[in-house]
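J.: Just one file: entry-v8.pdb, with PDB, C-alpha atoms.
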```
MODEL        1
ATOM      1  CA  MET U 110     -43.830 160.699 126.899  1.00  0.00           C
ATOM      2  CA  PHE U 111     -45.947 162.151 129.710  1.00  0.00           C
ATOM      3  CA  SER U 112     -46.521 158.738 131.300  1.00  0.00           C
ATOM      4  CA  ALA U 113     -42.764 157.987 131.263  1.00  0.00           C
ATOM      5  CA  LEU U 114     -42.043 161.289 133.010  1.00  0.00           C
ATOM      6  CA  PHE U 115     -44.798 160.577 135.520  1.00  0.00           C
ATOM      7  CA  ALA U 116     -43.355 157.104 136.196  1.00  0.00           C
ATOM      8  CA  ILE U 117     -39.895 158.606 136.783  1.00  0.00           C
ATOM      9  CA  LEU U 118     -41.371 161.146 139.210  1.00  0.00           C
ATOM     10  CA  ILE U 119     -43.130 158.385 141.134  1.00  0.00           C
ATOM     11  CA  ILE U 120     -39.862 156.435 141.405  1.00  0.00           C
ATOM     12  CA  VAL U 121     -37.987 159.538 142.602  1.00  0.00           C
ATOM     13  CA  PHE U 122     -40.632 160.381 145.205  1.00  0.00           C
ATOM     14  CA  ASN U 123     -40.662 156.776 146.444  1.00  0.00           C
ATOM     15  CA  ASP U 124     -36.871 156.836 146.789  1.00  0.00           C
ATOM     16  CA  ILE U 125     -37.037 160.113 148.722  1.00  0.00           C
ATOM     17  CA  ARG U 126     -39.752 158.688 150.982  1.00  0.00           C
ATOM     18  CA  ASP U 127     -37.669 155.560 151.608  1.00  0.00           C
ATOM     19  CA  PHE U 128     -34.635 157.730 152.410  1.00  0.00           C
ATOM     20  CA  PHE U 129     -36.601 159.736 154.981  1.00  0.00           C
ATOM     21  CA  GLU U 130     -38.075 156.580 156.510  1.00  0.00           C
ATOM     22  CA  ALA U 131     -34.605 155.046 156.827  1.00  0.00           C
ATOM     23  CA  GLY U 132     -33.168 158.246 158.306  1.00  0.00           C
ATOM     24  CA  GLY U 133     -35.762 158.650 161.004  1.00  0.00           C
ATOM     25  CA  PRO U 134     -37.598 161.697 162.327  1.00  0.00           C
ATOM     26  CA  VAL U 135     -34.479 163.835 162.833  1.00  0.00           C
ATOM     27  CA  LEU U 136     -34.033 163.927 159.058  1.00  0.00           C
ATOM     28  CA  TRP U 137     -37.169 166.066 158.795  1.00  0.00           C
ATOM     29  CA  GLY U 138     -35.634 168.621 161.153  1.00  0.00           C
ATOM     30  CA  ILE U 139     -32.470 168.649 159.048  1.00  0.00           C
ATOM     31  CA  LEU U 140     -34.576 169.203 155.933  1.00  0.00           C
ATOM     32  CA  ILE U 141     -36.470 172.112 157.515  1.00  0.00           C
ATOM     33  CA  VAL U 142     -33.299 173.837 158.752  1.00  0.00           C
ATOM     34  CA  THR U 143     -31.616 173.300 155.363  1.00  0.00           C
ATOM     35  CA  VAL U 144     -34.563 174.763 153.456  1.00  0.00           C
ATOM     36  CA  ILE U 145     -34.633 177.809 155.754  1.00  0.00           C
ATOM     37  CA  MET U 146     -30.852 178.244 155.425  1.00  0.00           C
ATOM     38  CA  TRP U 147     -30.937 178.098 151.624  1.00  0.00           C
ATOM     39  CA  THR U 148     -33.955 180.407 151.500  1.00  0.00           C
ATOM     40  CA  LEU U 149     -31.944 182.975 153.467  1.00  0.00           C
ATOM     41  CA  ILE U 150     -28.930 182.433 151.192  1.00  0.00           C
ATOM     42  CA  VAL U 151     -31.039 183.072 148.087  1.00  0.00           C
ATOM     43  CA  GLU U 152     -32.533 186.153 149.766  1.00  0.00           C
ATOM     44  CA  ARG U 153     -29.038 187.508 150.478  1.00  0.00           C
ATOM     45  CA  PHE U 154     -27.999 187.024 146.840  1.00  0.00           C
ATOM     46  CA  TRP U 155     -31.162 188.821 145.766  1.00  0.00           C
ATOM     47  CA  PHE U 156     -30.362 191.619 148.194  1.00  0.00           C
ATOM     48  CA  PHE U 157     -26.746 192.011 147.048  1.00  0.00           C
ATOM     49  CA  TYR U 158     -27.524 192.041 143.337  1.00  0.00           C
ATOM     50  CA  TYR U 159     -30.828 193.942 143.224  1.00  0.00           C
ATOM     51  CA  VAL U 160     -31.553 195.822 146.466  1.00  0.00           C
ATOM     52  CA  LEU U 161     -28.152 196.918 147.799  1.00  0.00           C
ATOM     53  CA  PRO U 162     -27.021 198.748 144.634  1.00  0.00           C
ATOM     54  CA  VAL U 163     -30.192 200.859 144.789  1.00  0.00           C
ATOM     55  CA  ARG U 164     -29.631 201.608 148.479  1.00  0.00           C
ATOM     56  CA  ILE U 165     -25.984 202.517 147.887  1.00  0.00           C
ATOM     57  CA  LYS U 166     -26.987 204.869 145.071  1.00  0.00           C
ATOM     58  CA  LYS U 167     -29.653 206.472 147.259  1.00  0.00           C
ATOM     59  CA  THR U 168     -27.162 206.884 150.115  1.00  0.00           C
ATOM     60  CA  SER U 169     -24.614 208.385 147.743  1.00  0.00           C
ATOM     61  CA  ASP U 170     -27.213 210.750 146.272  1.00  0.00           C
ATOM     62  CA  ASP U 171     -28.346 211.792 149.757  1.00  0.00           C
ATOM     63  CA  TRP U 172     -24.724 212.389 150.750  1.00  0.00           C
ATOM     64  CA  ASN U 173     -23.997 214.481 147.672  1.00  0.00           C
ATOM     65  CA  ALA U 174     -27.175 216.506 148.214  1.00  0.00           C
ATOM     66  CA  MET U 175     -26.030 217.459 151.723  1.00  0.00           C
ATOM     67  CA  ASN U 176     -22.938 219.224 150.393  1.00  0.00           C
ATOM     68  CA  LEU U 177     -21.129 219.051 153.745  1.00  0.00           C
ATOM     69  CA  SER U 178     -17.700 220.419 154.556  1.00  0.00           C
ATOM     70  CA  LEU U 179     -14.924 218.596 156.389  1.00  0.00           C
ATOM     71  CA  ASN U 180     -15.844 218.653 160.075  1.00  0.00           C
ATOM     72  CA  TRP U 181     -16.763 216.352 162.933  1.00  0.00           C
ATOM     73  CA  TYR U 182     -20.485 216.545 162.146  1.00  0.00           C
ATOM     74  CA  SER U 183     -20.064 215.441 158.522  1.00  0.00           C
ATOM     75  CA  LYS U 184     -17.834 212.522 159.557  1.00  0.00           C
ATOM     76  CA  LYS U 185     -20.511 211.334 161.989  1.00  0.00           C
ATOM     77  CA  ILE U 186     -23.199 211.564 159.305  1.00  0.00           C
ATOM     78  CA  LYS U 187     -20.997 209.519 156.954  1.00  0.00           C
ATOM     79  CA  GLU U 188     -20.408 206.910 159.675  1.00  0.00           C
ATOM     80  CA  GLN U 189     -24.165 206.744 160.296  1.00  0.00           C
ATOM     81  CA  MET U 190     -24.930 206.192 156.604  1.00  0.00           C
ATOM     82  CA  ILE U 191     -22.271 203.497 156.273  1.00  0.00           C
ATOM     83  CA  SER U 192     -23.486 201.856 159.477  1.00  0.00           C
ATOM     84  CA  GLU U 193     -27.041 201.613 158.131  1.00  0.00           C
ATOM     85  CA  LEU U 194     -25.796 200.027 154.904  1.00  0.00           C
ATOM     86  CA  SER U 195     -23.615 197.647 156.902  1.00  0.00           C
ATOM     87  CA  ILE U 196     -26.489 196.521 159.115  1.00  0.00           C
ATOM     88  CA  ASN U 197     -28.670 195.881 156.067  1.00  0.00           C
ATOM     89  CA  SER U 198     -25.965 193.985 154.204  1.00  0.00           C
ATOM     90  CA  LYS U 199     -25.040 191.743 157.153  1.00  0.00           C
ATOM     91  CA  GLN U 200     -28.635 190.830 157.952  1.00  0.00           C
ATOM     92  CA  PHE U 201     -29.238 187.040 158.123  1.00  0.00           C
ATOM     93  CA  ILE U 202     -25.550 186.154 157.623  1.00  0.00           C
ATOM     94  CA  LEU U 203     -25.164 185.256 161.297  1.00  0.00           C
ATOM     95  CA  THR U 204     -28.402 183.246 161.082  1.00  0.00           C
ATOM     96  CA  ILE U 205     -27.046 181.322 158.085  1.00  0.00           C
ATOM     97  CA  GLU U 206     -23.805 180.601 159.946  1.00  0.00           C
ATOM     98  CA  THR U 207     -25.755 179.456 163.012  1.00  0.00           C
ATOM     99  CA  MET U 208     -27.832 177.068 160.921  1.00  0.00           C
ATOM    100  CA  MET U 209     -24.636 175.670 159.396  1.00  0.00           C
ATOM    101  CA  GLN U 210     -23.459 174.903 162.927  1.00  0.00           C
ATOM    102  CA  ILE U 211     -26.801 173.412 163.993  1.00  0.00           C
ATOM    103  CA  LEU U 212     -27.070 170.982 161.065  1.00  0.00           C
ATOM    104  CA  PRO U 213     -24.198 168.654 162.089  1.00  0.00           C
ATOM    105  CA  LEU U 214     -25.545 168.676 165.646  1.00  0.00           C
ATOM    106  CA  LEU U 215     -28.944 167.588 164.366  1.00  0.00           C
ATOM    107  CA  GLY U 216     -27.151 164.825 162.473  1.00  0.00           C
ATOM    108  CA  LEU U 217     -25.507 163.712 165.701  1.00  0.00           C
ATOM    109  CA  LEU U 218     -28.895 163.746 167.396  1.00  0.00           C
ATOM    110  CA  GLY U 219     -30.069 161.388 164.660  1.00  0.00           C
ATOM    111  CA  THR U 220     -27.083 159.166 165.418  1.00  0.00           C
ATOM    112  CA  VAL U 221     -28.047 158.993 169.074  1.00  0.00           C
ATOM    113  CA  VAL U 222     -31.685 158.232 168.230  1.00  0.00           C
ATOM    114  CA  GLY U 223     -30.615 155.486 165.818  1.00  0.00           C
ATOM    115  CA  MET U 224     -28.228 153.927 168.321  1.00  0.00           C
ATOM    116  CA  ILE U 225     -30.956 153.937 170.968  1.00  0.00           C
ATOM    117  CA  LYS U 226     -33.112 152.031 168.489  1.00  0.00           C
ATOM    118  CA  VAL U 227     -30.289 149.504 167.943  1.00  0.00           C
ATOM    119  CA  PHE U 228     -29.862 149.032 171.691  1.00  0.00           C
ATOM    120  CA  ASP U 229     -33.625 148.582 172.135  1.00  0.00           C
ATOM    121  CA  VAL U 230     -33.615 145.871 169.461  1.00  0.00           C
ATOM    122  CA  MET U 231     -30.661 144.177 171.153  1.00  0.00           C
ATOM    123  CA  THR U 232     -32.432 144.366 174.518  1.00  0.00           C
ATOM    124  CA  PHE U 233     -35.643 142.726 173.303  1.00  0.00           C
ATOM    125  CA  PHE U 234     -34.419 140.403 170.540  1.00  0.00           C
ATOM    126  CA  GLY U 235     -30.721 139.983 171.240  1.00  0.00           C
ATOM    127  CA  THR U 236     -28.485 140.029 168.208  1.00  0.00           C
ATOM    128  CA  GLY U 237     -30.745 137.636 166.324  1.00  0.00           C
ATOM    129  CA  ASN U 238     -32.867 140.223 164.508  1.00  0.00           C
ATOM    130  CA  ALA U 239     -30.418 141.670 161.997  1.00  0.00           C
ATOM    131  CA  ARG U 240     -33.102 143.466 159.989  1.00  0.00           C
ATOM    132  CA  LEU U 241     -34.252 145.628 162.916  1.00  0.00           C
ATOM    133  CA  MET U 242     -30.659 146.286 163.940  1.00  0.00           C
ATOM    134  CA  ALA U 243     -29.816 147.382 160.387  1.00  0.00           C
ATOM    135  CA  SER U 244     -32.722 149.831 160.360  1.00  0.00           C
ATOM    136  CA  GLY U 245     -31.387 151.336 163.590  1.00  0.00           C
ATOM    137  CA  VAL U 246     -27.881 151.582 162.157  1.00  0.00           C
ATOM    138  CA  SER U 247     -29.163 153.307 159.013  1.00  0.00           C
ATOM    139  CA  GLN U 248     -31.198 155.619 161.214  1.00  0.00           C
ATOM    140  CA  ALA U 249     -27.935 156.382 163.027  1.00  0.00           C
ATOM    141  CA  THR U 250     -25.807 157.077 159.949  1.00  0.00           C
ATOM    142  CA  ILE U 251     -28.135 158.755 157.443  1.00  0.00           C
ATOM    143  CA  PRO U 252     -28.930 161.850 159.578  1.00  0.00           C
ATOM    144  CA  THR U 253     -25.237 162.340 160.342  1.00  0.00           C
ATOM    145  CA  MET U 254     -24.413 162.272 156.650  1.00  0.00           C
ATOM    146  CA  ALA U 255     -27.347 164.534 155.783  1.00  0.00           C
ATOM    147  CA  GLY U 256     -26.459 167.064 158.486  1.00  0.00           C
ATOM    148  CA  LEU U 257     -22.835 167.223 157.383  1.00  0.00           C
ATOM    149  CA  VAL U 258     -23.690 167.507 153.681  1.00  0.00           C
ATOM    150  CA  ALA U 259     -26.241 170.248 154.356  1.00  0.00           C
ATOM    151  CA  ALA U 260     -23.794 172.199 156.528  1.00  0.00           C
ATOM    152  CA  ILE U 261     -20.920 171.833 154.077  1.00  0.00           C
ATOM    153  CA  SER U 262     -23.173 173.032 151.257  1.00  0.00           C
ATOM    154  CA  GLY U 263     -23.511 176.384 152.986  1.00  0.00           C
ATOM    155  CA  VAL U 264     -19.953 176.956 154.248  1.00  0.00           C
ATOM    156  CA  TYR U 265     -18.490 178.403 151.055  1.00  0.00           C
ATOM    157  CA  ILE U 266     -21.603 180.417 150.264  1.00  0.00           C
ATOM    158  CA  ALA U 267     -21.803 181.932 153.763  1.00  0.00           C
ATOM    159  CA  ASN U 268     -18.158 182.995 153.620  1.00  0.00           C
ATOM    160  CA  MET U 269     -18.701 184.428 150.159  1.00  0.00           C
ATOM    161  CA  LEU U 270     -21.727 186.400 151.393  1.00  0.00           C
ATOM    162  CA  LYS U 271     -19.751 187.750 154.347  1.00  0.00           C
ATOM    163  CA  ARG U 272     -16.927 188.909 152.048  1.00  0.00           C
ATOM    164  CA  LYS U 273     -19.424 190.401 149.601  1.00  0.00           C
ATOM    165  CA  SER U 274     -21.028 192.368 152.433  1.00  0.00           C
ATOM    166  CA  GLU U 275     -17.708 193.778 153.598  1.00  0.00           C
ATOM    167  CA  ASP U 276     -16.573 194.608 150.045  1.00  0.00           C
ATOM    168  CA  GLU U 277     -19.808 196.399 149.178  1.00  0.00           C
ATOM    169  CA  ILE U 278     -19.703 198.474 152.365  1.00  0.00           C
ATOM    170  CA  ASP U 279     -16.074 199.417 151.703  1.00  0.00           C
ATOM    171  CA  LYS U 280     -16.981 200.489 148.158  1.00  0.00           C
ATOM    172  CA  ALA U 281     -19.924 202.521 149.441  1.00  0.00           C
ATOM    173  CA  ALA U 282     -17.703 204.222 152.026  1.00  0.00           C
ATOM    174  CA  ASP U 283     -15.240 205.148 149.280  1.00  0.00           C
ATOM    175  CA  HIS U 284     -18.037 206.855 147.304  1.00  0.00           C
ATOM    176  CA  LEU U 285     -18.963 209.115 150.198  1.00  0.00           C
ATOM    177  CA  ILE U 286     -16.263 211.755 149.883  1.00  0.00           C
ATOM    178  CA  ILE U 287     -15.943 214.653 152.315  1.00  0.00           C
ATOM    179  CA  GLU U 288     -14.766 217.764 150.519  1.00  0.00           C
TER     180      GLU U 288
ENDMDL
END
```
Take the structure in the file and write it out as structure tokens.
T.:
Amino acid sequence: MFSALFAILIIVFNDIRDFFEAGGPVLWGILIVTVIMWTLIVERFWFFYYVLPVRIKKTSDDWNAMNLSLNWYSKKIKEQMISELSINSKQFILTIETMMQILPLLGLLGTVVGMIKVFDVMTFFGTGNARLMASGVSQATIPTMAGLVAAISGVYIANMLKRKSEDEIDKAADHLIIE
């Protein structure tokens, strides 16, 4: 049982290694950016489901303890409290969106690197060395695919996080009532 699982793991790791060798060095950059992006996405989910509710409750409790009347000063305090919650809830969302935009560009960089490899092979060997040309073509296409897949994987989640941030701030603002 254990040896079969170990054999499967070895096969999977060899396939992953072969994929990264075929994709070229740009694929490692895509992997690093993707891991950072998904780490930030997981952090934002953690924040929205565990940290933000506590901060909203604390802000609401602080607001209720102030017992302010309706005037310019109390409106400014409310705006300040909502602004602090908004800044905290929108943290890293722009970074996630930026990484989603960088990933396809890294894929295109991989395409350029792979095509340069193909042209180098054609320069030195002509069109007679199909194996080297094929490795350059795979190095040109795999990073493009990986960059697009990684970026697409974060599009829906990033939009969902942005909406969640706005909804939570709106709810928090509704709880802070000026009497």
J.: Within 12 Å of (-21.5, 176.4, 154.8) (coordinates as in the file), grab all the protein and nucleic acid residues, counting all atoms listed in the file, and write them out as a PyMOL selection string.
T.: chain U and resi 143+146-147+150+202-213+256-271
J.: Just say which residues the PyMOL selection byres ((chain U and resi 182-198) around 7) picks in this file, as a list in words.
T.: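 Selected by the PyMOL selection byres ((chain U and resi 182-198) around 7) here: Thr168, Leu177, Ser178, Leu179, Asn180, Trp181, Lys199, Gln200, Ser274, Ile278 and Ala282 of chain U.
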J.: Could you tell me, as an mmCIF file with C-alpha atoms, in the coordinates of the input, exactly which residues end up selected when the PyMOL selection byres ((chain U and resi 134) around 10) is applied to this structure?
T.:
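Contents of selection_3.cif, freshly written:
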```
data_model
loop_
_atom_site.group_PDB
_atom_site.id
_atom_site.type_symbol
_atom_site.label_atom_id
_atom_site.label_comp_id
_atom_site.auth_asym_id
_atom_site.auth_seq_id
_atom_site.Cartn_x
_atom_site.Cartn_y
_atom_site.Cartn_z
ATOM 1 C CA PHE U 129 -36.601 159.736 154.981
ATOM 2 C CA GLU U 130 -38.075 156.580 156.510
ATOM 3 C CA ALA U 131 -34.605 155.046 156.827
ATOM 4 C CA GLY U 132 -33.168 158.246 158.306
ATOM 5 C CA GLY U 133 -35.762 158.650 161.004
ATOM 6 C CA VAL U 135 -34.479 163.835 162.833
ATOM 7 C CA LEU U 136 -34.033 163.927 159.058
ATOM 8 C CA TRP U 137 -37.169 166.066 158.795
ATOM 9 C CA GLY U 138 -35.634 168.621 161.153
ATOM 10 C CA ILE U 139 -32.470 168.649 159.048
ATOM 11 C CA GLY U 219 -30.069 161.388 164.660
ATOM 12 C CA VAL U 222 -31.685 158.232 168.230
ATOM 13 C CA GLY U 223 -30.615 155.486 165.818
ATOM 14 C CA GLN U 248 -31.198 155.619 161.214
ATOM 15 C CA PRO U 252 -28.930 161.850 159.578
#
```
J.: Could you work out an axis-aligned box for stretch 147-164 of chain U, taking every atom the file lists and adding 5 Å on each side, and report centre and edge lengths in Å to one decimal, as AutoDock Vina command-line options?
T.:
```
--center_x -30.4 --center_y 189.9 --center_z 148.3 --size_x 17.2 --size_y 33.5 --size_z 20.2
```
J.: Hey, can you check how far atom CA of U:Phe233 sits from atom CA of U:Met254?
T.: 28.0 Å
J.: Interatomic distance between atom CA of U:Lys280 and atom CA of U:Glu152?
T.: 21.2 Å
J.: Quick one, how far is atom CA of U:Glu277 from atom CA of U:Arg164?
T.: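 According to the coordinates, atom CA of U:Glu277 and atom CA of U:Arg164 are separated by 11.1 Å.
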